[in-house]
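This report concerns only the one structure given below.
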Amino acid sequence: MSIPETGATAVSATSTPKARRRGFSVFGVRVLAYQIILFVGFLALWEYAIRAQWLPVYLYGQPSGIWRELVKGVQSGALVHDTWITAQETIIGFIIGSVTGSIAGLGLWLSPTTAAILRPLMVALNGLPKIALAPLIVVWFGVGMESKVAIAAIITFIVAMLTSFAGSQEVDSDYIRMMKSLGASRLQTFRMVVVPGTVPWIASAFRLNIGFAMIGAVVGEYISAEAGLGHHVYYSGTLYNLNAVWGGIFALMILALILDAMVGWVERRMKWR
Amino acid sequence: MQNSQATVLAAENVKMTFNTDTSEEVTAISNIGFELKQGEILGIVGPSGCGKTTLFNIIAGLQAPTAGTILVNGNRVQDASGHVGYMLQKDLLLPWRSVIDNVILGLQVRGIAAKESKTIAQNLINAYGLKGFEQAYPSALSGGMRQRVAFMRTLAFSPDVILLDEPFSALDSQTRLLLQADVMRIIRERNCSVVLVTHDVGEAITMCDRIVVITSRPGRVKSVHTIGIDPALRHPLKIRKQARFNELYEMIWDELGIQFAA
């Protein structure tokens, strides 16, 4: 489940302006050459192992078969449709959860009493593997897209709320004293210091959340669905069609990279540091 | 001459005790009294732990004293209302705001229109050597420049009293002397009333008209010195040649020294 996340980090690490300027250095070309050789060599070895019957195809799939599945899926539109369903669930859930969660977390700064009352709940939620809530949400919201959106939204809500609340508590208390000495109301301090001071935390939560939203959507589709990449992967798995499973995973990876790049772009514009 | 001017700030028998409800009661300051005249710079010098920060918080209205009163222009300070401009060792610039937007902060809090605020800030920036840096962010500025911006933020909303709490102590010695001279000049030009808290006896003698020496805990007023050096000779580099400077320097150190030994 963490593959999209780490893969995305690696991509953004090499696409910083500094790395791009070094893109055509001898070192860079050598690294790229080794990467291609390793990847192509791995696929070739895999393909050969299946054809030579070292490995059973029904357990591992085979690159040429995965390619055929991908071509078929794109031509028939089925894979594109599943990708689009998962993308919508992820994006809608992400936006609902991240925005409302950030607002809720910031709002707790305004009411320390509420924050104190909710503290045990927040500690518990922080420790909880939030995906464990998925079956409940499917029961409540049904087999359609709504339940996947809800899972993604609830998970991202929790993460955004916890992160933005933690961020608001980290705002230097000397700033708050200074605002007080200027005669600022609590709401002015909130607006001028706490909210902008918490924005980098919220941006980080967004970056984490796009991964969590996708996990939520896909796991929701595993549990019960009629469409989506999670459904495609799970259903193909039960049929031992491993080529189709790999095809679905590949599509998930592409989707994760695109979504992460989009949120990364937003994140960089939100950080003032 | 100063006696003829209005009293801007008066502390009367100010006392602050912490943990009054437990056996670990601590009196931070006791019987603190002084007056600050319009346009005067008053130094407060004391050993560490003499309750200077507590006194500052009380003057700014951030904490209520256990006993005594603070009067600003004759009105009793009840809570923080922006009557006091604060400048600390930490510049406390908001890193997401440009220089000019940091300078207008106090004006914004008071609800003054953006256009008017920007004009006030721009005039300060032009007058005091930060022209061209209006749109720069604090992270791009040196420590000395950041403190300059913090000082302008304090000046911008024309507080009745300016409190300077060790404002130069984080700077390197060259920058410190330059900024001391500039801040002093600006304060005189604008006839600001200032309380300067510092550990640095030399700095206090250089910048202030009078110095209040505070004892260690509980902080009490030990003595008050009138500097009496011609303001024209008050440049940080020149003043050290004055006999009066050395006389005061030794006297105040002696007074602090007694406290250290006690």
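As shown in the structure tokens, the chain order sets the letters A, B, ...; within each chain, residues go from 1, and ligands are also counted from 1 in the order they appear.
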Find the residues of chain A in contact range of chain B, meaning any atom within 8 Å when counting only C-alpha atoms, and list them as a VMD selection string.
-> chain A and resid 174 to 175 177 to 178 180 to 184 188 193 196 to 197 272 to 273
Surrounding residues of Pro65 of chain B excluding itself and chain neighbours under 6 positions, 10 Å, only C-alpha atoms, as a list in words | Asn13, Val14, Lys15, Met16, Thr17, Phe18, Ile29, Thr54, Leu55, Asn57, Ile58, Ile59 and Gln78 of chain B
Compile the contact shell of Gly101 of chain A as a PyMOL selection string: residues with an atom at most 10 Å away, counting only C-alpha atoms, same-chain residues fewer than 2 positions apart removed.
-> chain A and resi 95-99+103-107+153-165+202+205
DSSP-assigned strand (DSSP E or B) among segment 90-238 of chain B, expressed as a PyMOL selection string = chain B and resi 161-165+194-198+210-214+219+221-226
Counting only C-alpha atoms, what is within 9 Å of Thr7 of chain B, bar same-chain residues fewer than 2 positions away, as a list in words?
->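 Once the nearby chain positions are removed, what remains is Asn3, Gln5, Leu9, Ala10, Glu35, Leu36, Lys37, Gln38, Val72, Asn73 and Gly74 of chain B.
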Suppose we keep all heavy atoms; can you now write the selection as an mmCIF file, in the first residue's frame?
data_model
loop_
_atom_site.group_PDB
_atom_site.id
_atom_site.type_symbol
_atom_site.label_atom_id
_atom_site.label_comp_id
_atom_site.auth_asym_id
_atom_site.auth_seq_id
_atom_site.Cartn_x
_atom_site.Cartn_y
_atom_site.Cartn_z
ATOM 1 N N ASN B 3 11.305 67.280 33.907
ATOM 2 C CA ASN B 3 10.250 67.335 34.909
ATOM 3 C C ASN B 3 9.054 68.144 34.427
ATOM 4 O O ASN B 3 7.941 67.933 34.884
ATOM 5 C CB ASN B 3 10.792 67.954 36.205
ATOM 6 C CG ASN B 3 11.752 66.984 36.874
ATOM 7 O OD1 ASN B 3 11.688 65.784 36.607
ATOM 8 N ND2 ASN B 3 12.639 67.503 37.715
ATOM 9 N N GLN B 5 7.795 67.902 31.602
ATOM 10 C CA GLN B 5 7.017 67.174 30.605
ATOM 11 C C GLN B 5 6.045 66.189 31.262
ATOM 12 O O GLN B 5 6.216 65.816 32.421
ATOM 13 C CB GLN B 5 7.953 66.432 29.659
ATOM 14 C CG GLN B 5 8.575 67.388 28.668
ATOM 15 C CD GLN B 5 9.655 66.727 27.854
ATOM 16 O OE1 GLN B 5 10.543 66.078 28.402
ATOM 17 N NE2 GLN B 5 9.591 66.907 26.563
ATOM 18 N N LEU B 9 4.190 57.100 31.467
ATOM 19 C CA LEU B 9 4.028 55.796 32.105
ATOM 20 C C LEU B 9 4.409 55.920 33.572
ATOM 21 O O LEU B 9 5.444 56.520 33.883
ATOM 22 C CB LEU B 9 4.950 54.777 31.419
ATOM 23 C CG LEU B 9 5.070 53.396 32.065
ATOM 24 C CD1 LEU B 9 3.801 52.590 31.854
ATOM 25 C CD2 LEU B 9 6.263 52.648 31.493
ATOM 26 N N ALA B 10 3.574 55.392 34.432
ATOM 27 C CA ALA B 10 3.914 55.390 35.849
ATOM 28 C C ALA B 10 3.639 54.014 36.428
ATOM 29 O O ALA B 10 2.578 53.432 36.204
ATOM 30 C CB ALA B 10 3.087 56.441 36.584
ATOM 31 N N GLU B 35 8.679 56.545 37.039
ATOM 32 C CA GLU B 35 7.886 57.330 36.093
ATOM 33 C C GLU B 35 8.679 57.503 34.814
ATOM 34 O O GLU B 35 9.900 57.613 34.854
ATOM 35 C CB GLU B 35 7.578 58.714 36.678
ATOM 36 C CG GLU B 35 6.524 58.696 37.756
ATOM 37 C CD GLU B 35 6.076 60.102 38.104
ATOM 38 O OE1 GLU B 35 6.756 61.067 37.693
ATOM 39 O OE2 GLU B 35 5.045 60.227 38.783
ATOM 40 N N LEU B 36 7.968 57.506 33.722
ATOM 41 C CA LEU B 36 8.604 57.751 32.429
ATOM 42 C C LEU B 36 7.952 58.995 31.830
ATOM 43 O O LEU B 36 6.738 59.056 31.677
ATOM 44 C CB LEU B 36 8.390 56.541 31.510
ATOM 45 C CG LEU B 36 8.931 56.657 30.085
ATOM 46 C CD1 LEU B 36 10.441 56.595 30.071
ATOM 47 C CD2 LEU B 36 8.350 55.555 29.203
ATOM 48 N N LYS B 37 8.819 59.989 31.488
ATOM 49 C CA LYS B 37 8.298 61.233 30.907
ATOM 50 C C LYS B 37 8.231 61.101 29.390
ATOM 51 O O LYS B 37 8.960 60.299 28.788
ATOM 52 C CB LYS B 37 9.216 62.406 31.256
ATOM 53 C CG LYS B 37 9.492 62.592 32.730
ATOM 54 C CD LYS B 37 8.300 63.188 33.414
ATOM 55 C CE LYS B 37 8.623 63.421 34.895
ATOM 56 N NZ LYS B 37 7.409 63.736 35.647
ATOM 57 N N GLN B 38 7.421 61.948 28.811
ATOM 58 C CA GLN B 38 7.337 62.001 27.349
ATOM 59 C C GLN B 38 8.735 62.237 26.758
ATOM 60 O O GLN B 38 9.434 63.165 27.174
ATOM 61 C CB GLN B 38 6.378 63.118 26.935
ATOM 62 C CG GLN B 38 6.288 63.357 25.441
ATOM 63 C CD GLN B 38 5.665 62.182 24.703
ATOM 64 O OE1 GLN B 38 4.649 61.662 25.123
ATOM 65 N NE2 GLN B 38 6.292 61.743 23.622
ATOM 66 N N VAL B 72 -0.873 54.506 32.151
ATOM 67 C CA VAL B 72 -0.361 55.028 30.888
ATOM 68 C C VAL B 72 -1.177 56.261 30.559
ATOM 69 O O VAL B 72 -2.405 56.175 30.440
ATOM 70 C CB VAL B 72 -0.445 53.981 29.758
ATOM 71 C CG1 VAL B 72 -0.144 54.637 28.414
ATOM 72 C CG2 VAL B 72 0.534 52.852 30.012
ATOM 73 N N ASN B 73 -0.512 57.397 30.468
ATOM 74 C CA ASN B 73 -1.188 58.685 30.283
ATOM 75 C C ASN B 73 -2.307 58.863 31.304
ATOM 76 O O ASN B 73 -3.386 59.355 30.984
ATOM 77 C CB ASN B 73 -1.731 58.820 28.865
ATOM 78 C CG ASN B 73 -0.605 59.023 27.865
ATOM 79 O OD1 ASN B 73 0.413 59.626 28.187
ATOM 80 N ND2 ASN B 73 -0.775 58.488 26.665
ATOM 81 N N GLY B 74 -2.043 58.426 32.519
ATOM 82 C CA GLY B 74 -3.003 58.614 33.599
ATOM 83 C C GLY B 74 -4.088 57.562 33.669
ATOM 84 O O GLY B 74 -4.853 57.510 34.630
#
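Atom to atom, atom CA of Glu12 of chain B and atom CA of Asn31 of chain B stand 7.5 Å apart.
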For Val195 of chain B, the closest of B:Pro231, B:Pro218, B:Asp160, B:Ala140 counting only C-alpha atoms is B:Asp160
With distances taken over only C-alpha atoms, which of B:Glu250, B:Glu255, B:Glu203, B:Glu40 is nearest to Ser216 of chain B?
->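 When distances to Ser216 of chain B are compared using only C-alpha atoms, the smallest one comes from B:Glu255.
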Looking at only C-alpha atoms, which of B:Lys238, B:Ile252, B:Gly39, B:Gln63 is the one that sits closest to Val224 of chain B?
-> B:Ile252
With only C-alpha atoms as the atoms that count, which of A:Ala52, A:Leu43, A:Ala78, A:Leu252 lies nearest to Gly65 of chain A?
-> A:Leu43
Enumerate the residues of segment 36-202 of chain B with a DSSP assignment of helix (DSSP H, G or I), computed from the backbone, and present them as a count of residues only.
-> 70
Interatomic distance, atom CA of Pro129 of chain A to atom CA of Ala213 of chain A (Å, one decimal) |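 Rounded to one decimal, the two atoms are 13.5 Å apart.
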Would you work out the distance separating atom CA of Gly220 of chain A from atom CA of Leu259 of chain A, expressed in Å to one decimal?
->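 Value for the atom CA of Gly220 of chain A-atom CA of Leu259 of chain A distance: 18.4 Å.
Of the residues listed (A:Val233, A:Gly264, A:Pro56, A:Val194), A:Val194 shows the shortest atom-to-atom separation from Ser173 of chain A; distances use only C-alpha atoms.
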